[in-house]
>>> print(open('my_file-v7.csv').read())   # CSV, C-alpha atoms
chain,number,residue,atom,x,y,z
D,295,MET,CA,29.3,-21.3,25.2
D,296,GLU,CA,26.5,-19.0,23.9
D,297,THR,CA,25.0,-19.4,20.4
D,298,LYS,CA,22.8,-16.9,18.7
D,299,HIS,CA,19.8,-18.0,16.6
D,300,ASP,CA,17.5,-16.0,14.4
D,301,PRO,CA,14.1,-15.4,16.0
D,302,PRO,CA,11.5,-18.1,15.1
D,303,HIS,CA,9.2,-15.6,13.3
D,304,GLN,CA,12.0,-14.9,10.8
D,305,HIS,CA,11.8,-18.6,9.7
D,306,PHE,CA,8.0,-18.9,9.6
D,307,ALA,CA,7.7,-16.6,6.6
D,308,CYS,CA,10.1,-18.8,4.6
D,309,ILE,CA,8.3,-22.0,5.7
D,310,THR,CA,5.0,-20.5,4.6
D,311,ILE,CA,6.4,-19.4,1.2
D,312,ALA,CA,7.9,-22.8,0.6
D,313,MET,CA,4.7,-24.7,1.5
D,314,LEU,CA,2.0,-22.5,0.1
D,315,ASP,CA,3.8,-20.8,-2.9
D,316,ILE,CA,2.5,-17.4,-1.9
D,317,ASP,CA,3.6,-14.1,-3.4
D,318,GLY,CA,3.3,-11.8,-0.4
D,319,PHE,CA,2.1,-11.0,3.1
D,320,ARG,CA,-0.6,-8.5,4.1
D,321,ILE,CA,0.2,-7.1,7.5
D,322,ASP,CA,-2.7,-6.1,9.6
D,323,LYS,CA,-2.4,-3.1,12.1
D,324,ALA,CA,1.2,-2.6,11.1
D,325,THR,CA,1.8,0.4,13.4
D,326,GLN,CA,1.2,-1.8,16.4
D,327,ILE,CA,4.4,-3.7,15.6
D,328,THR,CA,7.8,-2.5,16.7
D,329,LEU,CA,9.4,-0.9,13.7
D,330,ASP,CA,12.8,-2.5,14.2
D,331,MET,CA,11.3,-6.0,14.5
D,332,LEU,CA,9.2,-5.4,11.3
D,333,VAL,CA,12.3,-4.3,9.4
D,334,ASP,CA,14.2,-7.5,10.5
D,335,TRP,CA,11.2,-9.6,9.6
D,336,SER,CA,10.8,-8.0,6.1
D,337,ASP,CA,14.5,-8.6,5.5
D,338,SER,CA,14.1,-12.3,6.3
D,339,VAL,CA,11.2,-12.6,3.8
D,340,GLN,CA,13.8,-12.1,1.0
D,341,CYS,CA,14.4,-15.8,1.4
D,342,ALA,CA,11.5,-15.9,-1.2
D,343,ARG,CA,14.3,-15.5,-3.8
D,344,LYS,CA,15.3,-19.1,-3.2
D,345,PHE,CA,11.9,-20.1,-4.5
D,346,GLY,CA,12.0,-18.0,-7.6
D,347,LYS,CA,10.0,-15.1,-6.2
D,348,LYS,CA,12.0,-12.0,-7.0
D,349,ASN,CA,9.4,-9.4,-6.2
D,350,ILE,CA,7.7,-10.5,-3.0
D,351,PHE,CA,5.0,-8.0,-1.9
D,352,ILE,CA,4.4,-6.8,1.7
D,353,PRO,CA,1.5,-4.3,1.9
D,354,ARG,CA,0.2,-3.2,5.3
D,355,GLU,CA,-2.8,-1.6,7.0
D,356,ILE,CA,-1.9,1.7,8.5
D,357,THR,CA,-4.9,3.7,9.9
D,358,ASP,CA,-2.8,6.6,11.2
D,359,GLY,CA,-2.1,9.8,9.3
D,360,ASP,CA,0.3,10.0,6.4
D,361,ALA,CA,3.1,11.7,8.4
D,362,PHE,CA,3.3,8.9,10.8
D,363,GLY,CA,2.6,6.0,8.4
D,364,PHE,CA,5.4,6.8,6.0
D,365,ILE,CA,8.2,5.9,8.5
D,366,TYR,CA,7.0,2.3,8.0
D,367,LEU,CA,7.1,2.5,4.2
D,368,CYS,CA,10.2,1.1,2.5
D,369,ARG,CA,13.3,2.7,4.2
D,370,GLY,CA,11.2,5.4,6.0
D,371,ARG,CA,11.3,9.1,5.6
D,372,GLN,CA,11.0,12.1,8.0
D,373,PRO,CA,9.4,15.4,7.0
D,374,ASN,CA,12.9,17.0,6.7
D,375,MET,CA,14.0,14.2,4.3
D,376,ARG,CA,11.5,14.9,1.6
D,377,PRO,CA,12.6,15.7,-2.0
D,378,THR,CA,11.8,19.2,-3.0
D,379,ASP,CA,9.1,18.2,-5.5
D,380,VAL,CA,7.4,15.3,-7.3
D,381,LYS,CA,9.9,15.3,-10.1
D,382,GLY,CA,12.7,14.8,-7.7
D,383,ALA,CA,10.8,12.1,-5.8
D,384,PHE,CA,10.3,10.2,-9.0
D,385,THR,CA,14.0,10.0,-9.8
D,386,LEU,CA,14.8,8.3,-6.5
D,387,THR,CA,16.1,4.7,-6.5
D,388,SER,CA,17.5,2.4,-3.9
D,389,ASP,CA,21.0,3.9,-4.7
D,390,SER,CA,19.9,7.5,-4.1
D,391,ASP,CA,21.5,9.6,-1.3
D,392,ASN,CA,20.8,8.4,2.2
D,393,LYS,CA,19.6,11.9,3.1
D,394,TYR,CA,16.2,10.9,1.7
D,395,PHE,CA,15.8,7.8,4.0
D,396,ILE,CA,15.8,7.0,7.7
D,397,ARG,CA,17.2,3.5,7.3
D,398,GLU,CA,20.2,2.3,5.4
D,399,LYS,CA,20.0,0.5,2.0
D,400,GLY,CA,18.4,-3.0,2.4
D,401,LYS,CA,16.5,-2.1,5.6
D,402,ASN,CA,12.9,-1.9,4.2
D,403,ALA,CA,9.8,-2.3,6.3
D,404,LEU,CA,6.7,-2.4,4.2
D,405,ASP,CA,6.0,-1.9,0.5
D,406,ALA,CA,2.6,-0.2,0.4
D,407,GLY,CA,-0.8,0.4,2.0
D,408,ALA,CA,-3.0,-2.6,1.9
D,409,PHE,CA,-6.1,-0.3,2.1
D,410,HIS,CA,-5.2,3.4,2.1
D,411,TYR,CA,-7.0,5.0,5.0
D,412,SER,CA,-6.0,8.5,4.0
D,413,VAL,CA,-7.8,8.0,0.7
D,414,TYR,CA,-10.8,6.4,2.4
D,415,ARG,CA,-11.1,9.3,4.9
D,416,SER,CA,-11.0,11.8,2.0
D,417,LEU,CA,-13.7,9.8,0.1
D,418,THR,CA,-16.2,10.0,3.0
D,419,ARG,CA,-15.7,13.8,3.1
D,420,PHE,CA,-15.8,14.1,-0.7
D,421,MET,CA,-19.1,12.1,-0.9
D,422,GLY,CA,-20.7,14.2,1.9
D,423,MET,CA,-20.8,11.2,4.2
D,424,ASP,CA,-18.7,12.8,7.0
D,425,GLY,CA,-17.8,16.3,7.9
D,426,ASN,CA,-14.5,15.9,9.8
D,427,LEU,CA,-13.2,12.3,9.6
D,428,THR,CA,-9.5,13.1,9.8
D,429,ALA,CA,-6.3,11.8,11.4
D,430,GLY,CA,-3.4,13.8,12.8
D,431,PHE,CA,-0.9,15.1,10.2
D,432,ASP,CA,-2.7,13.5,7.3
D,433,THR,CA,-2.9,14.4,3.7
D,434,THR,CA,-5.4,17.0,2.5
D,435,GLY,CA,-8.8,16.0,0.9
D,436,ASP,CA,-7.8,17.4,-2.5
D,437,TRP,CA,-7.0,14.4,-4.8
D,438,VAL,CA,-4.2,16.1,-6.7
D,439,ASP,CA,-2.6,17.6,-3.6
D,440,MET,CA,-2.9,14.3,-1.8
D,441,TRP,CA,-1.0,12.4,-4.5
D,442,ASN,CA,1.6,15.1,-4.7
D,443,THR,CA,2.1,14.9,-1.0
D,444,MET,CA,2.3,11.1,-0.9
D,445,ALA,CA,4.8,11.2,-3.8
D,446,VAL,CA,7.3,13.1,-1.8
D,447,SER,CA,6.5,11.8,1.7
D,448,ASN,CA,6.1,8.1,1.0
D,449,GLY,CA,8.9,5.7,0.1
D,450,LEU,CA,7.7,4.5,-3.3
D,451,VAL,CA,10.9,2.7,-4.4
D,452,ASN,CA,10.4,-1.1,-4.9
D,453,ALA,CA,12.7,-2.9,-2.4
D,454,ASN,CA,13.2,-5.7,-4.9
D,455,THR,CA,13.9,-3.8,-8.1
D,456,GLY,CA,15.3,-0.6,-6.6
D,457,GLN,CA,13.1,1.5,-8.9
D,458,LEU,CA,10.0,3.7,-8.6
D,459,ASP,CA,7.0,1.5,-8.2
D,460,PRO,CA,3.9,3.1,-6.5
D,461,ARG,CA,1.9,0.1,-5.1
D,462,HIS,CA,-0.5,1.5,-2.6
D,463,MET,CA,-3.8,-0.4,-2.7
D,464,TYR,CA,-6.9,1.9,-3.1
D,465,GLY,CA,-10.4,0.8,-2.4
D,466,VAL,CA,-13.8,2.3,-1.6
D,467,THR,CA,-14.3,0.0,1.4
D,468,ASN,CA,-12.5,-2.5,3.6
D,469,GLN,CA,-13.8,-5.3,5.8
D,470,ASP,CA,-14.0,-3.1,8.9
D,471,VAL,CA,-15.3,0.2,7.6
D,472,PHE,CA,-18.5,1.6,6.1
D,473,CYS,CA,-20.2,-0.6,3.5
D,474,TRP,CA,-21.5,1.7,0.7
D,475,PRO,CA,-24.4,-0.5,-0.4
D,476,ALA,CA,-26.0,0.3,2.9
D,477,ILE,CA,-27.3,3.5,1.4
D,478,ASN,CA,-29.7,3.8,-1.6
D,479,ASP,CA,-27.5,6.2,-3.5
D,480,GLY,CA,-25.4,3.8,-5.5
D,481,GLU,CA,-23.8,6.6,-7.5
D,482,LYS,CA,-21.6,7.5,-4.5
D,483,MET,CA,-19.9,4.1,-4.5
D,484,LEU,CA,-19.6,4.3,-8.3
D,485,LEU,CA,-17.8,7.6,-8.1
D,486,GLY,CA,-15.6,6.3,-5.3
D,487,LEU,CA,-14.6,3.3,-7.4
D,488,PHE,CA,-13.8,5.6,-10.3
D,489,ILE,CA,-11.5,7.7,-8.1
D,490,THR,CA,-9.7,4.8,-6.4
D,491,THR,CA,-9.4,2.8,-9.7
D,492,LEU,CA,-8.7,5.4,-12.4
D,493,VAL,CA,-7.4,8.5,-10.6
D,494,MET,CA,-5.0,7.4,-7.9
D,495,PRO,CA,-1.8,5.7,-9.1
D,496,GLY,CA,-1.4,2.3,-7.6
D,497,ILE,CA,-3.3,-1.0,-7.3
D,498,PRO,CA,-7.1,-1.0,-7.5
D,499,LYS,CA,-8.8,-3.0,-4.7
D,500,ALA,CA,-12.3,-4.4,-4.9
D,501,ARG,CA,-14.2,-6.5,-2.3
D,502,THR,CA,-16.7,-9.1,-3.4
D,503,HIS,CA,-19.1,-8.3,-0.6
D,504,LEU,CA,-20.2,-5.3,-2.5
D,505,ALA,CA,-22.0,-7.6,-5.0
D,506,ASN,CA,-25.4,-7.0,-3.3
D,507,ASN,CA,-25.4,-3.6,-5.0
D,508,THR,CA,-26.1,-4.4,-8.6
D,509,LYS,CA,-24.6,-1.2,-10.1
D,510,GLY,CA,-21.5,-1.7,-8.0
D,511,ALA,CA,-21.2,-5.3,-9.0
D,512,ILE,CA,-21.4,-4.5,-12.7
D,513,PHE,CA,-19.0,-1.6,-12.4
D,514,GLU,CA,-16.4,-3.7,-10.4
D,515,LEU,CA,-16.7,-6.5,-12.9
D,516,VAL,CA,-16.0,-4.2,-15.8
D,517,ILE,CA,-13.1,-2.4,-14.1
D,518,GLY,CA,-11.8,-5.8,-12.9
D,519,LEU,CA,-11.7,-7.2,-16.4
D,520,ILE,CA,-10.1,-4.0,-17.8
D,521,THR,CA,-7.5,-4.0,-15.0
D,522,MET,CA,-6.6,-7.7,-15.4
D,523,PHE,CA,-6.2,-7.2,-19.1
D,524,GLU,CA,-3.8,-4.3,-18.5
D,525,VAL,CA,-1.9,-6.3,-15.9
D,526,SER,CA,-1.5,-9.2,-18.3
D,527,LYS,CA,0.4,-6.8,-20.6
D,528,ALA,CA,2.4,-5.2,-17.8
D,529,PRO,CA,5.7,-6.2,-16.3
D,530,LYS,CA,5.6,-9.1,-13.8
D,531,SER,CA,6.1,-6.7,-10.9
D,532,SER,CA,2.5,-5.4,-11.4
D,533,CYS,CA,-0.3,-6.9,-9.4
D,534,ILE,CA,-4.0,-6.7,-8.6
D,535,ASN,CA,-6.0,-7.4,-5.5
D,536,THR,CA,-9.6,-8.6,-5.6
>>> encode(input="my_file-v7.csv", output="structure tokens")
Amino acid sequence: METKHDPPHQHFACITIAMLDIDGFRIDKATQITLDMLVDWSDSVQCARKFGKKNIFIPREITDGDAFGFIYLCRGRQPNMRPTDVKGAFTLTSDSDNKYFIREKGKNALDAGAFHYSVYRSLTRFMGMDGNLTAGFDTTGDWVDMWNTMAVSNGLVNANTGQLDPRHMYGVTNQDVFCWPAINDGEKMLLGLFITTLVMPGIPKARTHLANNTKGAIFELVIGLITMFEVSKAPKSSCINT
């Protein structure tokens, strides 16, 4: 007689949630994971509901261009599945027509970018730090056009609530990319923080290792306090990463 058991990795997430009371998982190098396996794992993480966590968050690190990365977001989307405009994209819910999604309802992979590399690449060009740091089939460097593209190409429906909930995490730097305080011109980092915190819709992300730049540390402190104050008034589905 043969018996079928769930893969062990589908149980480890539940064990971790039960023992450590965490609210989410950050997936490193998400595109190096088989997509089907990632979908099955993300589905198993819904065991968090047993512990009172109804909005578990699974951001990911995707270094590839937008057109490839968005098949990993939520239920996935191909270029020929995009809504016609931003207004149409913002009306989508988990109950919308399947023509907008690759996978069936309930088969979500990842919720958002843990550090949005398309935004970071555009920042380096915008700041005059790099002339051609691009990835194949990525968004443009124009901030308005970039957001409009992500709005229709990315799956921004919250897998837990079924409603629109843009939760990409935007930052000026990550642990494995350029550290802005390495240059004397601190204004570049300040402008980058302004863009990623106040311009792009989503979750502002700051890293404490920037504290060796006095202006940057002060700016991040102020923005962090403002953001936490706003989050304290927002619905429980909102979150901040520091």
>>> closest_residue(input="my_file-v7.csv", among="D:His462, D:Arg397, D:His410, D:His305", to="D:Gln340", atoms="all atoms listed in the file")
D:His305
>>> residues_around(input="my_file-v7.csv", residues="D:Thr433", least_positions_apart="5", cutoff="8 Å", atoms="only C-alpha atoms", output="mmCIF file with C-alpha atoms, keeping the file's coordinate frame")
data_model
loop_
_atom_site.group_PDB
_atom_site.id
_atom_site.type_symbol
_atom_site.label_atom_id
_atom_site.label_comp_id
_atom_site.auth_asym_id
_atom_site.auth_seq_id
_atom_site.Cartn_x
_atom_site.Cartn_y
_atom_site.Cartn_z
ATOM 1 C CA GLY D 359 -2.100 9.800 9.300
ATOM 2 C CA ASP D 360 0.300 10.000 6.400
ATOM 3 C CA SER D 412 -6.000 8.500 4.000
ATOM 4 C CA ASP D 439 -2.600 17.600 -3.600
ATOM 5 C CA MET D 440 -2.900 14.300 -1.800
ATOM 6 C CA THR D 443 2.100 14.900 -1.000
ATOM 7 C CA MET D 444 2.300 11.100 -0.900
#
>>> residues_near_point(input="my_file-v7.csv", point="(2.9, -17.4, -5.7)", cutoff="6 Å", atoms="all atoms listed in the file", output="PyMOL selection string")
chain D and resi 315-317
>>> closest_residue(input="my_file-v7.csv", among="D:Ile352, D:Met423, D:Val451, D:Val446", to="D:Asp405", atoms="all atoms listed in the file")
D:Ile352
>>> residues_around(input="my_file-v7.csv", residues="D:Pro377", least_positions_apart="6", cutoff="12 Å", atoms="only C-alpha atoms", output="PyMOL selection string")
chain D and resi 371+383-386+390-395+442-449
>>> closest_residue(input="my_file-v7.csv", among="D:Arg369, D:Arg419, D:Arg343, D:Lys323", to="D:Gly486", atoms="all atoms listed in the file")
D:Arg419
>>> atom_distance(input="my_file-v7.csv", atom1="atom CA of D:Gly435", atom2="atom CA of D:Val493")
13.8 Å
>>> build_atoms(input="my_file-v7.csv", residues="stretch 319-334 of chain D", atoms="N, CA and C atoms", output="PDB file, in the frame of the given file")
ATOM      1  N   PHE D 319       2.719 -11.013   1.761  1.00  0.00           N
ATOM      2  CA  PHE D 319       2.100 -11.000   3.100  1.00  0.00           C
ATOM      3  C   PHE D 319       1.350  -9.703   3.273  1.00  0.00           C
ATOM      4  N   ARG D 320       0.095  -9.756   3.719  1.00  0.00           N
ATOM      5  CA  ARG D 320      -0.600  -8.500   4.100  1.00  0.00           C
ATOM      6  C   ARG D 320      -0.514  -8.414   5.628  1.00  0.00           C
ATOM      7  N   ILE D 321       0.042  -7.287   6.084  1.00  0.00           N
ATOM      8  CA  ILE D 321       0.200  -7.100   7.500  1.00  0.00           C
ATOM      9  C   ILE D 321      -0.905  -6.232   8.072  1.00  0.00           C
ATOM     10  N   ASP D 322      -1.630  -6.775   9.026  1.00  0.00           N
ATOM     11  CA  ASP D 322      -2.700  -6.100   9.600  1.00  0.00           C
ATOM     12  C   ASP D 322      -2.234  -5.229  10.805  1.00  0.00           C
ATOM     13  N   LYS D 323      -2.769  -4.006  10.947  1.00  0.00           N
ATOM     14  CA  LYS D 323      -2.400  -3.100  12.100  1.00  0.00           C
ATOM     15  C   LYS D 323      -0.884  -2.994  12.196  1.00  0.00           C
ATOM     16  N   ALA D 324      -0.251  -2.578  11.130  1.00  0.00           N
ATOM     17  CA  ALA D 324       1.200  -2.600  11.100  1.00  0.00           C
ATOM     18  C   ALA D 324       1.848  -1.666  12.115  1.00  0.00           C
ATOM     19  N   THR D 325       1.207  -0.541  12.442  1.00  0.00           N
ATOM     20  CA  THR D 325       1.800   0.400  13.400  1.00  0.00           C
ATOM     21  C   THR D 325       1.785  -0.074  14.822  1.00  0.00           C
ATOM     22  N   GLN D 326       1.150  -1.213  15.070  1.00  0.00           N
ATOM     23  CA  GLN D 326       1.200  -1.800  16.400  1.00  0.00           C
ATOM     24  C   GLN D 326       2.354  -2.760  16.575  1.00  0.00           C
ATOM     25  N   ILE D 327       3.168  -2.866  15.531  1.00  0.00           N
ATOM     26  CA  ILE D 327       4.400  -3.700  15.600  1.00  0.00           C
ATOM     27  C   ILE D 327       5.586  -2.837  15.713  1.00  0.00           C
ATOM     28  N   THR D 328       6.523  -3.254  16.552  1.00  0.00           N
ATOM     29  CA  THR D 328       7.800  -2.500  16.700  1.00  0.00           C
ATOM     30  C   THR D 328       8.462  -2.384  15.367  1.00  0.00           C
ATOM     31  N   LEU D 329       8.850  -1.180  15.014  1.00  0.00           N
ATOM     32  CA  LEU D 329       9.400  -0.900  13.700  1.00  0.00           C
ATOM     33  C   LEU D 329      10.670  -1.728  13.424  1.00  0.00           C
ATOM     34  N   ASP D 330      11.581  -1.776  14.387  1.00  0.00           N
ATOM     35  CA  ASP D 330      12.800  -2.500  14.200  1.00  0.00           C
ATOM     36  C   ASP D 330      12.567  -3.995  13.938  1.00  0.00           C
ATOM     37  N   MET D 331      11.622  -4.554  14.679  1.00  0.00           N
ATOM     38  CA  MET D 331      11.300  -6.000  14.500  1.00  0.00           C
ATOM     39  C   MET D 331      10.701  -6.176  13.096  1.00  0.00           C
ATOM     40  N   LEU D 332       9.858  -5.227  12.645  1.00  0.00           N
ATOM     41  CA  LEU D 332       9.200  -5.400  11.300  1.00  0.00           C
ATOM     42  C   LEU D 332      10.261  -5.292  10.215  1.00  0.00           C
ATOM     43  N   VAL D 333      11.261  -4.427  10.374  1.00  0.00           N
ATOM     44  CA  VAL D 333      12.300  -4.300   9.400  1.00  0.00           C
ATOM     45  C   VAL D 333      13.109  -5.634   9.306  1.00  0.00           C
ATOM     46  N   ASP D 334      13.444  -6.204  10.460  1.00  0.00           N
ATOM     47  CA  ASP D 334      14.200  -7.500  10.500  1.00  0.00           C
ATOM     48  C   ASP D 334      13.364  -8.589   9.848  1.00  0.00           C
TER      49      ASP D 334
END
